[in-house]
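Coordinates as given in data.tsv (TSV, C-alpha atoms and all ligand atoms):
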```
chain	number	residue	atom	x	y	z
A	1	MET	CA	21.75	-10.45	-17.83
A	2	SER	CA	21.97	-10.88	-21.60
A	3	VAL	CA	22.96	-7.66	-23.35
A	4	VAL	CA	22.66	-7.72	-27.12
A	5	GLN	CA	23.66	-5.35	-29.89
A	6	LYS	CA	21.01	-5.57	-32.59
A	7	GLN	CA	19.53	-3.62	-35.46
A	8	GLY	CA	16.01	-2.82	-34.31
A	9	LYS	CA	13.46	-2.14	-37.02
A	10	ILE	CA	11.47	1.05	-36.44
A	11	LEU	CA	7.82	0.00	-36.32
A	12	SER	CA	6.57	3.53	-35.63
A	13	ASN	CA	7.94	6.84	-34.34
A	14	LEU	CA	5.10	9.24	-33.60
A	15	GLU	CA	4.71	12.53	-31.74
A	16	VAL	CA	2.28	11.85	-28.87
A	17	ALA	CA	2.60	15.22	-27.10
A	18	PRO	CA	4.49	18.41	-28.03
A	19	SER	CA	8.13	17.31	-28.62
A	20	ILE	CA	7.44	13.90	-27.05
A	21	PHE	CA	7.68	10.84	-29.27
A	22	LEU	CA	6.76	7.20	-28.87
A	23	LEU	CA	9.20	4.96	-30.71
A	24	ASN	CA	8.31	1.32	-31.25
A	25	LEU	CA	11.16	-0.97	-32.19
A	26	GLY	CA	11.24	-4.59	-33.26
A	27	LEU	CA	13.77	-6.04	-30.81
A	28	PRO	CA	12.78	-9.59	-29.80
A	29	GLN	CA	15.68	-10.37	-27.42
A	30	VAL	CA	15.36	-7.08	-25.54
A	31	ALA	CA	11.57	-7.46	-25.32
A	32	GLU	CA	12.05	-10.92	-23.78
A	33	THR	CA	14.59	-10.05	-21.12
A	34	ALA	CA	14.27	-6.36	-20.18
A	35	GLN	CA	13.31	-5.41	-16.64
A	36	PRO	CA	11.64	-2.12	-15.58
A	37	GLY	CA	14.25	0.60	-15.03
A	38	GLN	CA	16.71	-0.81	-17.57
A	39	PHE	CA	17.62	1.18	-20.66
A	40	VAL	CA	18.76	0.83	-24.24
A	41	HIS	CA	21.63	2.74	-25.78
A	42	LEU	CA	20.69	3.82	-29.29
A	43	ARG	CA	22.91	4.84	-32.16
A	44	ILE	CA	20.78	7.60	-33.61
A	45	GLY	CA	22.15	7.81	-37.16
A	46	PRO	CA	22.86	5.04	-39.65
A	47	LEU	CA	26.57	5.95	-39.60
A	48	SER	CA	28.54	7.41	-36.70
A	49	ASP	CA	26.92	10.82	-36.49
A	50	PRO	CA	26.20	11.67	-33.75
A	51	LEU	CA	29.21	9.73	-32.51
A	52	LEU	CA	27.86	8.83	-29.10
A	53	ARG	CA	24.86	6.64	-28.52
A	54	ARG	CA	21.94	8.10	-26.52
A	55	PRO	CA	20.41	6.26	-23.53
A	56	PHE	CA	16.64	5.79	-23.19
A	57	SER	CA	14.62	3.95	-20.58
A	58	ILE	CA	12.57	1.02	-21.71
A	59	HIS	CA	9.04	2.39	-21.57
A	60	ARG	CA	7.18	-0.83	-22.34
A	61	THR	CA	7.78	-4.24	-23.80
A	62	LYS	CA	5.51	-6.62	-25.65
A	63	PRO	CA	7.47	-9.88	-25.93
A	64	GLU	CA	4.62	-11.53	-27.83
A	65	GLU	CA	5.03	-8.88	-30.57
A	66	ALA	CA	8.85	-8.72	-30.19
A	67	LYS	CA	8.32	-5.01	-29.48
A	68	VAL	CA	10.14	-2.50	-27.28
A	69	SER	CA	8.78	1.03	-26.78
A	70	ILE	CA	10.76	4.15	-25.96
A	71	LEU	CA	9.15	7.43	-24.90
A	72	TYR	CA	11.47	10.35	-25.53
A	73	GLN	CA	11.53	14.11	-25.45
A	74	VAL	CA	13.33	16.16	-28.09
A	75	VAL	CA	15.91	18.23	-26.18
A	76	GLY	CA	18.90	18.49	-28.54
A	77	ARG	CA	20.47	17.34	-31.76
A	78	GLY	CA	20.41	13.61	-31.09
A	79	THR	CA	16.76	13.43	-30.10
A	80	LYS	CA	15.81	15.79	-32.96
A	81	LEU	CA	17.50	13.42	-35.44
A	82	LEU	CA	15.83	10.47	-33.74
A	83	SER	CA	12.43	12.10	-34.20
A	84	GLN	CA	13.12	12.23	-37.98
A	85	ARG	CA	13.83	8.52	-38.31
A	86	CYS	CA	11.04	6.67	-40.13
A	87	SER	CA	9.18	3.37	-39.95
A	88	GLY	CA	11.03	0.58	-41.70
A	89	GLU	CA	14.48	2.06	-40.98
A	90	LYS	CA	16.83	0.34	-38.54
A	91	LEU	CA	18.44	1.61	-35.35
A	92	ASP	CA	21.51	0.05	-33.79
A	93	CYS	CA	20.55	-0.81	-30.24
A	94	LEU	CA	22.59	-2.01	-27.27
A	95	GLY	CA	20.65	-3.39	-24.34
A	96	PRO	CA	19.00	-4.05	-22.07
A	97	LEU	CA	21.53	-2.20	-19.90
A	98	GLY	CA	21.83	-1.27	-16.24
A	99	ARG	CA	20.20	-2.39	-13.04
A	100	GLY	CA	16.48	-1.78	-12.97
A	101	PHE	CA	14.01	-1.48	-10.10
A	102	ALA	CA	14.12	-4.18	-7.45
A	103	ILE	CA	10.59	-5.53	-7.22
A	104	PRO	CA	9.69	-5.83	-3.50
A	105	LYS	CA	9.22	-9.39	-2.27
A	106	VAL	CA	6.28	-8.34	-0.12
A	107	ALA	CA	3.09	-6.93	-1.63
A	108	GLY	CA	1.92	-3.54	-0.43
A	109	GLN	CA	1.20	-0.02	-1.49
A	110	PHE	CA	3.48	1.09	-4.32
A	111	ILE	CA	3.69	4.81	-4.96
A	112	LEU	CA	5.18	5.76	-8.33
A	113	VAL	CA	6.23	9.40	-8.74
A	114	ALA	CA	6.86	10.63	-12.29
A	115	GLY	CA	8.16	14.08	-13.21
A	116	GLY	CA	7.91	15.00	-16.92
A	117	ILE	CA	9.53	12.47	-19.23
A	118	GLY	CA	10.51	10.54	-16.06
A	119	ILE	CA	7.21	8.78	-16.65
A	120	ALA	CA	8.94	6.60	-19.30
A	121	PRO	CA	10.34	3.78	-17.12
A	122	LEU	CA	7.54	3.98	-14.54
A	123	ILE	CA	4.85	2.78	-16.96
A	124	PHE	CA	6.81	-0.46	-17.47
A	125	LEU	CA	7.17	-0.73	-13.69
A	126	ALA	CA	3.46	-0.06	-13.04
A	127	GLU	CA	2.47	-2.68	-15.60
A	128	THR	CA	4.83	-5.22	-14.02
A	129	LEU	CA	3.60	-4.55	-10.46
A	130	LEU	CA	-0.07	-4.62	-11.45
A	131	ARG	CA	0.37	-7.79	-13.48
A	132	LYS	CA	2.03	-9.46	-10.51
A	133	MET	CA	-0.86	-8.40	-8.28
A	134	GLY	CA	-3.47	-9.56	-10.82
A	135	ASN	CA	-1.80	-12.93	-11.29
A	136	GLY	CA	-1.89	-13.44	-7.55
A	137	LYS	CA	1.90	-13.93	-7.64
A	138	TRP	CA	2.12	-12.30	-4.24
A	139	GLU	CA	0.74	-14.85	-1.84
A	140	VAL	CA	-1.10	-12.71	0.67
A	141	GLU	CA	-4.13	-13.10	2.89
A	142	LYS	CA	-7.41	-11.63	1.65
A	143	GLU	CA	-7.30	-8.75	4.15
A	144	LYS	CA	-3.80	-7.74	3.13
A	145	ARG	CA	-4.69	-8.04	-0.57
A	146	LYS	CA	-7.15	-5.19	-0.06
A	147	LYS	CA	-4.21	-2.96	0.82
A	148	MET	CA	-2.26	-3.79	-2.31
A	149	GLU	CA	-2.29	-0.80	-4.54
A	150	VAL	CA	-0.36	1.06	-7.23
A	151	VAL	CA	-0.69	4.82	-6.84
A	152	PHE	CA	0.68	6.71	-9.84
A	153	LEU	CA	1.52	10.36	-9.21
A	154	MET	CA	2.12	12.15	-12.51
A	155	GLY	CA	3.66	15.60	-12.74
A	156	ALA	CA	4.10	17.71	-15.88
A	157	ALA	CA	4.39	21.31	-17.03
A	158	SER	CA	0.82	21.44	-18.34
A	159	THR	CA	-2.09	19.30	-19.46
A	160	GLU	CA	-0.78	18.59	-22.98
A	161	TYR	CA	2.26	16.85	-21.48
A	162	ILE	CA	0.14	14.52	-19.35
A	163	LEU	CA	0.04	11.26	-21.20
A	164	PRO	CA	-3.36	9.59	-21.18
A	165	GLU	CA	-3.88	7.94	-17.83
A	166	SER	CA	-6.71	5.77	-19.17
A	167	GLU	CA	-4.50	2.74	-19.69
A	168	LEU	CA	-3.08	3.00	-16.16
A	169	LEU	CA	-6.62	3.27	-14.78
A	170	SER	CA	-7.75	0.28	-16.83
A	171	TRP	CA	-4.90	-1.76	-15.35
A	172	GLY	CA	-6.22	-0.84	-11.90
A	173	ALA	CA	-3.83	1.92	-10.78
A	174	ALA	CA	-4.97	4.96	-8.82
A	175	VAL	CA	-3.79	8.03	-10.74
A	176	GLU	CA	-3.27	11.60	-9.53
A	177	VAL	CA	-2.04	14.46	-11.66
A	178	ALA	CA	-0.16	17.69	-10.90
A	179	THR	CA	0.70	20.41	-13.41
A	180	ASP	CA	2.92	23.44	-12.97
A	181	ASP	CA	0.30	25.75	-14.50
A	182	GLY	CA	-2.75	24.10	-12.91
A	183	SER	CA	-4.26	23.19	-16.30
A	184	LYS	CA	-4.96	19.70	-14.97
A	185	GLY	CA	-5.15	18.26	-11.47
A	186	HIS	CA	-3.23	19.85	-8.61
A	187	ARG	CA	-1.44	23.11	-9.37
A	188	GLY	CA	2.14	22.71	-8.19
A	189	PRO	CA	4.89	20.11	-8.03
A	190	VAL	CA	4.11	16.42	-8.03
A	191	THR	CA	5.92	16.15	-4.68
A	192	ASP	CA	2.92	17.98	-3.12
A	193	LEU	CA	0.86	14.93	-4.10
A	194	LEU	CA	3.45	12.66	-2.52
A	195	THR	CA	3.39	14.62	0.75
A	196	ARG	CA	-0.42	14.38	0.75
A	197	GLN	CA	-0.22	10.68	-0.03
A	198	MET	CA	1.98	10.12	3.03
A	199	ASP	CA	-1.10	10.62	5.28
A	200	ARG	CA	-2.71	7.67	3.51
A	201	SER	CA	0.35	5.45	3.29
A	202	VAL	CA	0.23	2.00	4.83
A	203	ALA	CA	2.86	-0.08	6.61
A	204	SER	CA	4.26	-1.92	3.59
A	205	CYS	CA	4.64	1.13	1.38
A	206	HIS	CA	7.34	1.56	-1.24
A	207	ILE	CA	8.16	4.60	-3.38
A	208	PHE	CA	9.65	4.55	-6.90
A	209	ALA	CA	10.51	7.78	-8.70
A	210	CYS	CA	11.98	9.13	-11.92
A	211	GLY	CA	12.19	12.74	-13.04
A	212	PRO	CA	14.32	15.87	-12.75
A	213	GLU	CA	17.06	15.87	-10.13
A	214	GLY	CA	15.33	18.51	-7.94
A	215	MET	CA	12.21	16.38	-7.79
A	216	LEU	CA	14.20	13.24	-6.96
A	217	LYS	CA	16.00	15.06	-4.16
A	218	GLU	CA	12.68	16.07	-2.63
A	219	VAL	CA	11.20	12.59	-3.05
A	220	ALA	CA	14.28	11.16	-1.31
A	221	GLN	CA	13.86	13.62	1.58
A	222	ILE	CA	10.15	12.80	2.02
A	223	ALA	CA	10.83	9.05	1.90
A	224	GLY	CA	13.73	9.44	4.36
A	225	GLN	CA	11.63	11.43	6.85
A	226	GLN	CA	8.83	8.84	6.67
A	227	LYS	CA	11.32	5.93	6.71
A	228	ILE	CA	9.76	4.49	3.57
A	229	PRO	CA	11.93	2.46	1.19
A	230	CYS	CA	12.43	4.40	-2.00
A	231	GLN	CA	14.16	3.69	-5.31
A	232	ILE	CA	15.03	6.44	-7.76
A	233	CYS	CA	15.94	6.15	-11.43
A	234	LEU	CA	18.70	8.60	-12.45
A	235	GLU	CA	19.10	9.91	-15.97
A	236	GLN	CA	22.62	11.30	-15.85
A	237	ARG	CA	24.28	12.25	-19.10
A	238	MET	CA	26.38	9.30	-20.19
A	239	ALA	CA	28.76	8.29	-22.94
A	240	CYS	CA	29.77	4.63	-23.22
A	241	GLY	CA	26.84	3.16	-21.26
A	242	VAL	CA	28.79	0.05	-20.26
A	243	GLY	CA	30.88	1.22	-17.31
A	244	ALA	CA	34.14	2.00	-19.08
A	245	CYS	CA	34.31	5.80	-19.41
A	246	LEU	CA	33.15	6.91	-15.93
A	247	GLY	CA	31.30	9.79	-17.60
A	248	CYS	CA	28.10	9.23	-15.64
A	249	VAL	CA	29.31	8.80	-12.04
A	250	VAL	CA	27.22	10.05	-9.13
A	251	LYS	CA	28.23	10.63	-5.54
A	252	THR	CA	26.77	8.05	-3.16
A	253	ARG	CA	27.31	7.07	0.48
A	254	SER	CA	29.53	4.25	-0.78
A	255	GLY	CA	31.65	6.46	-3.04
A	256	TYR	CA	31.25	7.36	-6.68
A	257	ARG	CA	29.03	4.93	-8.64
A	258	ARG	CA	28.42	4.59	-12.36
A	259	VAL	CA	24.81	5.25	-13.33
A	260	CYS	CA	25.11	3.03	-16.42
A	261	VAL	CA	26.10	-0.21	-14.67
A	262	ASP	CA	25.57	0.34	-10.91
A	263	GLY	CA	22.23	2.08	-11.69
A	264	PRO	CA	20.33	3.80	-13.19
A	265	VAL	CA	18.12	2.78	-10.25
A	266	PHE	CA	19.54	3.43	-6.77
A	267	PRO	CA	18.10	3.35	-3.25
A	268	ALA	CA	17.17	7.00	-2.66
A	269	GLY	CA	19.04	7.17	0.65
A	270	GLU	CA	22.29	6.16	-1.07
A	271	VAL	CA	22.53	9.11	-3.44
A	272	ILE	CA	24.19	12.33	-2.29
A	273	PHE	CA	22.54	15.21	-4.13
A	274	GLU	CA	24.85	18.20	-4.65
B	301	LIG	C1	19.54	5.82	-18.09
B	301	LIG	C2	18.90	6.95	-18.85
B	301	LIG	C3	17.61	6.83	-19.30
B	301	LIG	C4	17.02	7.87	-20.01
B	301	LIG	N1	15.74	7.71	-20.44
B	301	LIG	C5	15.15	8.67	-21.14
B	301	LIG	C6	13.83	8.49	-21.63
B	301	LIG	O1	13.21	7.45	-21.42
B	301	LIG	N2	13.29	9.49	-22.36
B	301	LIG	C7	13.97	10.66	-22.62
B	301	LIG	O2	13.42	11.54	-23.27
B	301	LIG	N3	15.21	10.86	-22.16
B	301	LIG	C8	15.83	9.90	-21.45
B	301	LIG	N4	17.11	10.08	-21.01
B	301	LIG	C9	17.80	11.34	-21.37
B	301	LIG	C10	18.28	11.24	-22.82
B	301	LIG	O3	19.31	10.27	-22.89
B	301	LIG	C11	18.81	12.60	-23.27
B	301	LIG	O4	17.75	13.53	-23.30
B	301	LIG	C12	19.43	12.51	-24.65
B	301	LIG	O5	20.61	11.75	-24.61
B	301	LIG	C13	19.75	13.92	-25.16
B	301	LIG	O6	20.37	13.81	-26.41
B	301	LIG	P1	20.40	15.04	-27.43
B	301	LIG	O7	21.50	14.79	-28.39
B	301	LIG	O8	19.05	15.29	-27.96
B	301	LIG	O9	20.71	16.24	-26.48
B	301	LIG	P2	22.11	17.01	-26.33
B	301	LIG	O10	22.34	17.84	-27.55
B	301	LIG	O11	23.16	16.06	-25.90
B	301	LIG	O12	21.71	17.98	-25.13
B	301	LIG	C14	20.66	18.93	-25.29
B	301	LIG	C15	20.27	19.47	-23.93
B	301	LIG	O13	19.75	18.43	-23.11
B	301	LIG	C16	20.52	18.32	-21.93
B	301	LIG	N5	20.67	16.89	-21.63
B	301	LIG	C17	21.22	15.94	-22.41
B	301	LIG	N6	21.19	14.73	-21.82
B	301	LIG	C18	20.61	14.93	-20.60
B	301	LIG	C19	20.31	14.09	-19.50
B	301	LIG	N7	20.60	12.78	-19.48
B	301	LIG	N8	19.71	14.65	-18.43
B	301	LIG	C20	19.41	15.96	-18.40
B	301	LIG	N9	19.68	16.81	-19.41
B	301	LIG	C21	20.28	16.30	-20.49
B	301	LIG	C22	21.86	18.95	-22.24
B	301	LIG	O14	22.50	19.44	-21.09
B	301	LIG	C23	21.45	20.07	-23.16
B	301	LIG	O15	20.98	21.18	-22.45
B	301	LIG	C24	17.73	9.06	-20.28
B	301	LIG	C25	19.05	9.19	-19.83
B	301	LIG	C26	19.62	8.15	-19.12
B	301	LIG	C27	21.02	8.28	-18.64
```
Would you write out, as structure tokens, the structure that this file holds?
Amino acid sequence: MSVVQKQGKILSNLEVAPSIFLLNLGLPQVAETAQPGQFVHLRIGPLSDPLLRRPFSIHRTKPEEAKVSILYQVVGRGTKLLSQRCSGEKLDCLGPLGRGFAIPKVAGQFILVAGGIGIAPLIFLAETLLRKMGNGKWEVEKEKRKKMEVVFLMGAASTEYILPESELLSWGAAVEVATDDGSKGHRGPVTDLLTRQMDRSVASCHIFACGPEGMLKEVAQIAGQQKIPCQICLEQRMACGVGACLGCVVKTRSGYRRVCVDGPVFPAGEVIFE
């Protein structure tokens, strides 16, 4: 893995939903090498304020345009300052960091479960899986190919936080939506959609999830009960991002592990939720 520290030029930084911004950065090396589930560690200000970098999943890459996209929610001082940075300015970026999603060797039904801003890394994953299917990279018989599918389950507080699913649909994903207030799709948690989906799951099914801890815990339980392989992307608070400070450890069946270098993606059955 080739981690670089580079000044990424801000190509655009626009609000795409209330308090949610899409940041496009010119970062050729990261765009070339990043894998879904990996993250970048951004220094938000031009100097050292705020002191600590902030981690963000890689939302999409376009190597041909040397572009890396980040989708972020304003939750505190760092993300507020980030939202005020303008096109043409530079951001110090360290990445790509961490271990991303392991892409299954066998084609099948891939269920992606996104809660809120947890959608960020799953778009990159969906694009990668669908591209691999479209390119015929998975050598499967015609009958089995019919069962290859990406099902994207999107959960959010309300309709304005649901990012347009049109691109996912145009890539060939099946999309289902759940909102807490029922303003779009199913009213209730996105895990309801996952439970429903379990009746339609096929033998070679695989779940990938990112979102709030409570949601991930439930996804892990559902996957465990159904004995379906499941990978979850954790977004623990972290400081150094390179494994030195131990600020982001999580409890797993094999002891404490660092989210920044051992993750952020872990097999769901490994993580012990408190
Ligand atoms: C590997 C990884 C990938 C991430 N990817 C994304 C992403 O793609 N998009 C995105 O919007 N965010 C992502 N995050 C979370 C993001 O890093 C934090 O929201 C950000 O650092 C907050 O900085 P701040 O200065 O604005 O907030 P702070 O002022 O530090 O905190 C403000 C509030 O947010 C809470 N908070 C801060 N960090 C986290 C966190 N990691 N998890 C839960 N609550 C937190 C604090 O407890 C506090 O209540 C990711 C985190 C990790 C570890």
Protein and nucleic acid residues within 8 Å of ligand LIG 301 (chain B) (all atoms listed in the file) as a PyMOL selection string: chain A and resi 20+38-40+50+53-59+70-81+98+117-121+212+233-238+248+259-260+263-264
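Near A:Pro18, within a cut-off of 9 Å and counting all atoms listed in the file, sit the residues Glu15, Val16, Ile20, Phe21, Gln73, Glu160 and Tyr161 of chain A, with same-chain residues fewer than 2 positions away left out.
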A:Pro267 surroundings by all atoms listed in the file, 8 Å radius, close-in-sequence under 6 positions cut, as a list in words: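 With the cut-off at 8 Å, the set is Pro229, Cys230, Gln231 and Ile232 of chain A.
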Output C-alpha atoms for every residue in the selection just made, as a tab-separated table (two decimals), in the coordinates of the input.
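Dumped everything to result.tsv:
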```tsv
chain	number	residue	atom	x	y	z
A	229	PRO	CA	11.93	2.46	1.19
A	230	CYS	CA	12.43	4.40	-2.00
A	231	GLN	CA	14.16	3.69	-5.31
A	232	ILE	CA	15.03	6.44	-7.76
```
Shell of 12 Å around A:Arg200, all atoms listed in the file, local chain residues under 6 positions omitted, as a ChimeraX atom specification: /A:109-111,147,149,151,193-194
Atomic distance atom CA of A:Asp181 - atom CA of A:Leu163, expressed in Å with one decimal: 16.0 Å
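Counting from atom CA of A:Met198, the distance to atom CA of A:Leu129 is 20.0 Å.
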For stretch 10-28 of chain A, take all atoms listed in the file, fit an axis-aligned box around them, add 6 Å to each of the six sides, then output centre and edge lengths in Å rounded to one decimal, as lines of an AutoDock Vina configuration file.
```
center_x = 8.0
center_y = 4.4
center_z = -31.7
size_x = 23.5
size_y = 40.0
size_z = 21.4
```
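The point (18.0, -10.9, -28.5) has these residues within 8 Å of it when only C-alpha atoms are used: Ser2, Val3, Val4, Lys6, Leu27, Pro28, Gln29, Val30, Ala31 and Glu32 of chain A.
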Spatial neighbours of A:Gly188, 12 Å, only C-alpha atoms, chain gap at least 4 places, as a PDB file with C-alpha atoms, in the frame of the given file:
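selection_21.pdb was written with the following content:
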```
ATOM      1  CA  GLY A 115       8.160  14.080 -13.210  1.00  0.00           C
ATOM      2  CA  MET A 154       2.120  12.150 -12.510  1.00  0.00           C
ATOM      3  CA  GLY A 155       3.660  15.600 -12.740  1.00  0.00           C
ATOM      4  CA  ALA A 156       4.100  17.710 -15.880  1.00  0.00           C
ATOM      5  CA  ALA A 157       4.390  21.310 -17.030  1.00  0.00           C
ATOM      6  CA  SER A 158       0.820  21.440 -18.340  1.00  0.00           C
ATOM      7  CA  VAL A 177      -2.040  14.460 -11.660  1.00  0.00           C
ATOM      8  CA  ALA A 178      -0.160  17.690 -10.900  1.00  0.00           C
ATOM      9  CA  THR A 179       0.700  20.410 -13.410  1.00  0.00           C
ATOM     10  CA  ASP A 180       2.920  23.440 -12.970  1.00  0.00           C
ATOM     11  CA  ASP A 181       0.300  25.750 -14.500  1.00  0.00           C
ATOM     12  CA  GLY A 182      -2.750  24.100 -12.910  1.00  0.00           C
ATOM     13  CA  SER A 183      -4.260  23.190 -16.300  1.00  0.00           C
ATOM     14  CA  LYS A 184      -4.960  19.700 -14.970  1.00  0.00           C
ATOM     15  CA  ASP A 192       2.920  17.980  -3.120  1.00  0.00           C
ATOM     16  CA  LEU A 193       0.860  14.930  -4.100  1.00  0.00           C
ATOM     17  CA  LEU A 194       3.450  12.660  -2.520  1.00  0.00           C
ATOM     18  CA  MET A 215      12.210  16.380  -7.790  1.00  0.00           C
TER      19      MET A 215
END
```
Atomic separation - atom CA of A:Leu168 relative to atom CA of A:Phe152, Å: 8.2 Å
Option closest in space to A:Glu89, from A:Ala107, A:Leu125, A:Leu23, A:Val113 [counting all atoms listed in the file]: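 Selected residue with least distance to A:Glu89: A:Leu23.
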Cut-off 6 Å around (9.4, 2.6, -9.7) with all atoms listed in the file: residues as a ChimeraX atom specification: /A:112,122,125,208-209
Counting all atoms listed in the file, the residue of A:His206, A:Arg258, A:Arg187, A:Lys251 that sits nearest A:Val271: A:Lys251
Nearest to A:Val150 by atom-to-atom distance, counting all atoms listed in the file, from A:Ala66, A:Ile207, A:Leu97, A:Ile222: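 Smallest separation from A:Val150 among the options: A:Ile207.
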Best match for closeness to A:Pro104 among A:Ser69, A:Ser204, A:Ser48, A:Ser166, counting only C-alpha atoms: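 Using only C-alpha atoms, the shortest distance to A:Pro104 belongs to A:Ser204.
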Distance query A:Arg253 at most 12 Å, all atoms listed in the file, self and fewer than 5 positions along chain excluded, as a list of chain:residue names: A:Phe266, A:Pro267, A:Ala268, A:Gly269, A:Glu270, A:Val271, A:Ile272, A:Phe273
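The nearest approach to A:Gly95 among the residues A:Ser170, A:Gln35, A:Gln5, A:Thr61, with all atoms listed in the file taken into account, belongs to A:Gln5.
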